[in-house]
Amino acid sequence: EYLLEKNIFSGYQASPGQQKSFRPDQGINRAELIKVLVLAASGVTQESVDVFYQHFLKETDPDILFPDIDRQAWFAPYIFYALDKEWISGYPDGTFRPGDPVNLAEAAKITLSTRGQTVQADADIWFRPSLQELVRRNIAVEERGGYRLSFTRKLLQPSDWCTRAQVAALLARLIELESKPGQVSFGREVPPSGLPFTFEYVPLVIFDLGRDFIDSSKPKVLQLYSREEDALRFVS
């Protein structure tokens, strides 16, 4: 809900006047991920992206960078903005493949890059440092050979495709961790001590968050606790 209110995520609307849906269990592709992460980056607005792209089109040879991206496509401004900031680099063959689905390893690496958080490269397993950074920062828990993101209960392998809900959980947790005392984060003023590991004993009404969070057929109140073994509790 927070990410929707900030227009970081956009909902789906079948026709004008109808209520938007989030489609939490739907997969997310590389183009969609980059748009979300660019708009969530500090100091970035839709206007600043538009201004950047106008200059980019005038000054850049379209045949040099990412030939698989139509310059008029809705996602092009966000991808080239991220490229300009060196948040992404594309594939060795020079393509970006915007329609490809995003797995957990890719989501972790790109998301950390857009938040200004670099991790030391691993020549053997390129994605492991990014996933270990998520674990170190309590954004994910490593268990039984997989990873579980904060606010979710599904165990993911690095190669598993991410859903919109999982990316939202990853990004929301990072934004929470970056919040400073005195700021308002998720509707609350951050105390001088900073925010705790979770929203301790604070009930949140959750709607349409998908199977990875709760049985979305029935709205429930979710309480998050600071003890890891009690990380998720659901009450009617």
# chains A, B, ... in the order shown; residues from 1 in each chain; ligands from 1
>>> closest_atom_pairs(of="range 49-113 of chain A", to="range 11-35 of chain A", cutoff="6 Å", atoms="only C-alpha atoms", output="JSON lines")
{"residue": "A:Phe75", "atom": "CA", "partner": "A:Ala31", "partner_atom": "CA", "distance": 5.9}
{"residue": "A:Tyr78", "atom": "CA", "partner": "A:Lys35", "partner_atom": "CA", "distance": 5.3}
{"residue": "A:Pro98", "atom": "CA", "partner": "A:Ala31", "partner_atom": "CA", "distance": 4.6}
{"residue": "A:Gly99", "atom": "CA", "partner": "A:Asn29", "partner_atom": "CA", "distance": 5.5}
{"residue": "A:Asp100", "atom": "CA", "partner": "A:Asn29", "partner_atom": "CA", "distance": 5.3}
{"residue": "A:Pro101", "atom": "CA", "partner": "A:Asn29", "partner_atom": "CA", "distance": 4.0}
{"residue": "A:Val102", "atom": "CA", "partner": "A:Asn29", "partner_atom": "CA", "distance": 5.3}
>>> closest_atom_pairs(of="range 89-125 of chain A", to="range 53-71 of chain A", cutoff="7 Å", atoms="only C-alpha atoms", output="tab-separated table")
residue	atom	partner	partner_atom	distance
A:Gly94	CA	A:Phe66	CA	5.8
A:Thr95	CA	A:Phe66	CA	4.8
A:Phe96	CA	A:Phe66	CA	5.9
A:Arg97	CA	A:Asp68	CA	6.8
>>> select_by_dssp(residues="range 29-174 of chain A", states="strand (DSSP E or B)", output="VMD selection string")
chain A and resid 29 101 103 140 to 143 146 to 149 156 161 163
>>> write_last_selection(atoms="N, CA, C and O atoms", output="compact mmCIF listing (two decimals), in the first residue's frame")
# COMPACT_ATOMS: atom_id res chain seq x y z
N ASN A 29 8.97 -8.59 -14.65
CA ASN A 29 10.08 -8.71 -15.60
C ASN A 29 11.12 -7.62 -15.35
O ASN A 29 10.96 -6.75 -14.50
N PRO A 101 11.85 -12.53 -17.21
CA PRO A 101 11.47 -12.51 -15.78
C PRO A 101 12.70 -12.29 -14.91
O PRO A 101 13.84 -12.51 -15.34
N ASN A 103 14.78 -13.15 -11.43
CA ASN A 103 14.90 -14.10 -10.33
C ASN A 103 15.43 -13.39 -9.08
O ASN A 103 15.78 -12.21 -9.11
N ALA A 140 16.55 -10.62 4.64
CA ALA A 140 16.22 -12.00 4.29
C ALA A 140 16.85 -12.93 5.33
O ALA A 140 17.79 -12.56 6.04
N VAL A 141 16.31 -14.12 5.41
CA VAL A 141 16.83 -15.16 6.29
C VAL A 141 17.25 -16.34 5.43
O VAL A 141 16.51 -16.76 4.54
N GLU A 142 18.45 -16.85 5.66
CA GLU A 142 18.92 -18.02 4.92
C GLU A 142 18.59 -19.27 5.72
O GLU A 142 18.97 -19.40 6.88
N GLU A 143 17.87 -20.18 5.08
CA GLU A 143 17.50 -21.41 5.76
C GLU A 143 17.23 -22.52 4.74
O GLU A 143 16.70 -22.28 3.67
N GLY A 146 17.91 -22.02 1.06
CA GLY A 146 17.20 -20.98 0.33
C GLY A 146 17.14 -19.70 1.13
O GLY A 146 17.78 -19.56 2.18
N TYR A 147 16.33 -18.75 0.66
CA TYR A 147 16.22 -17.45 1.30
C TYR A 147 14.76 -17.07 1.44
O TYR A 147 13.96 -17.27 0.52
N ARG A 148 14.41 -16.51 2.60
CA ARG A 148 13.06 -16.02 2.83
C ARG A 148 13.14 -14.53 3.11
O ARG A 148 13.82 -14.09 4.03
N LEU A 149 12.45 -13.74 2.31
CA LEU A 149 12.46 -12.30 2.47
C LEU A 149 11.62 -11.87 3.67
O LEU A 149 10.63 -12.53 4.01
N LEU A 156 12.83 -19.14 -1.15
CA LEU A 156 13.21 -18.96 -2.54
C LEU A 156 14.64 -19.41 -2.77
O LEU A 156 15.52 -19.19 -1.93
N TRP A 161 11.98 -17.30 -9.88
CA TRP A 161 11.41 -16.05 -10.35
C TRP A 161 10.70 -15.33 -9.22
O TRP A 161 10.03 -15.95 -8.39
N THR A 163 7.91 -12.58 -7.62
CA THR A 163 6.59 -12.01 -7.86
C THR A 163 6.61 -10.52 -7.51
O THR A 163 7.55 -10.02 -6.88
>>> closest_residue(among="A:Gly145, A:Val38, A:Ala105, A:Ile110", to="Trp126 in chain A", atoms="only C-alpha atoms")
A:Ala105
>>> atom_distance(atom1="CA of Trp87 in chain A", atom2="CA of Lys109 in chain A")
9.3 Å
>>> closest_residue(among="A:Leu83, A:Ala168, A:Val36, A:Leu134", to="Phe52 in chain A", atoms="only C-alpha atoms")
A:Leu83
>>> select_by_dssp(residues="range 72-176 of chain A", states="helix (DSSP H, G or I)", output="VMD selection string")
chain A and resid 76 to 84 104 to 114 128 to 136 164 to 176
>>> decode(residues="range 52-64 of chain A", atoms="N, CA, C and O atoms", output="compact mmCIF listing (two decimals), in the first residue's frame")
# COMPACT_ATOMS: atom_id res chain seq x y z
N PHE A 52 15.71 13.87 -17.96
CA PHE A 52 16.92 13.13 -18.33
C PHE A 52 16.77 12.48 -19.69
O PHE A 52 17.67 12.55 -20.54
N TYR A 53 15.62 11.87 -19.95
CA TYR A 53 15.46 11.09 -21.18
C TYR A 53 15.40 12.00 -22.41
O TYR A 53 15.86 11.61 -23.48
N GLN A 54 14.85 13.17 -22.25
CA GLN A 54 14.84 14.12 -23.37
C GLN A 54 16.26 14.45 -23.81
O GLN A 54 16.58 14.48 -25.00
N HIS A 55 17.12 14.71 -22.84
CA HIS A 55 18.53 15.00 -23.16
C HIS A 55 19.23 13.77 -23.69
O HIS A 55 20.06 13.85 -24.61
N PHE A 56 18.91 12.62 -23.13
CA PHE A 56 19.54 11.38 -23.54
C PHE A 56 19.27 11.09 -25.02
O PHE A 56 20.18 10.72 -25.77
N LEU A 57 18.04 11.28 -25.46
CA LEU A 57 17.68 11.00 -26.85
C LEU A 57 18.40 11.93 -27.82
O LEU A 57 18.73 11.54 -28.94
N LYS A 58 18.65 13.16 -27.39
CA LYS A 58 19.33 14.12 -28.25
C LYS A 58 20.83 13.87 -28.35
O LYS A 58 21.45 14.17 -29.38
N GLU A 59 21.41 13.31 -27.29
CA GLU A 59 22.86 13.26 -27.20
C GLU A 59 23.45 11.87 -27.42
O GLU A 59 24.67 11.74 -27.54
N THR A 60 22.62 10.83 -27.49
CA THR A 60 23.14 9.47 -27.53
C THR A 60 22.78 8.78 -28.84
O THR A 60 21.65 8.87 -29.32
N ASP A 61 23.74 8.09 -29.42
CA ASP A 61 23.52 7.30 -30.62
C ASP A 61 22.67 6.09 -30.25
O ASP A 61 23.08 5.26 -29.43
N PRO A 62 21.47 5.94 -30.80
CA PRO A 62 20.57 4.86 -30.40
C PRO A 62 21.08 3.47 -30.75
O PRO A 62 20.57 2.48 -30.23
N ASP A 63 22.07 3.37 -31.63
CA ASP A 63 22.57 2.06 -32.03
C ASP A 63 23.66 1.53 -31.10
O ASP A 63 24.08 0.38 -31.22
N ILE A 64 24.11 2.36 -30.16
CA ILE A 64 25.23 1.97 -29.32
C ILE A 64 24.78 1.16 -28.11
O ILE A 64 25.37 0.13 -27.78
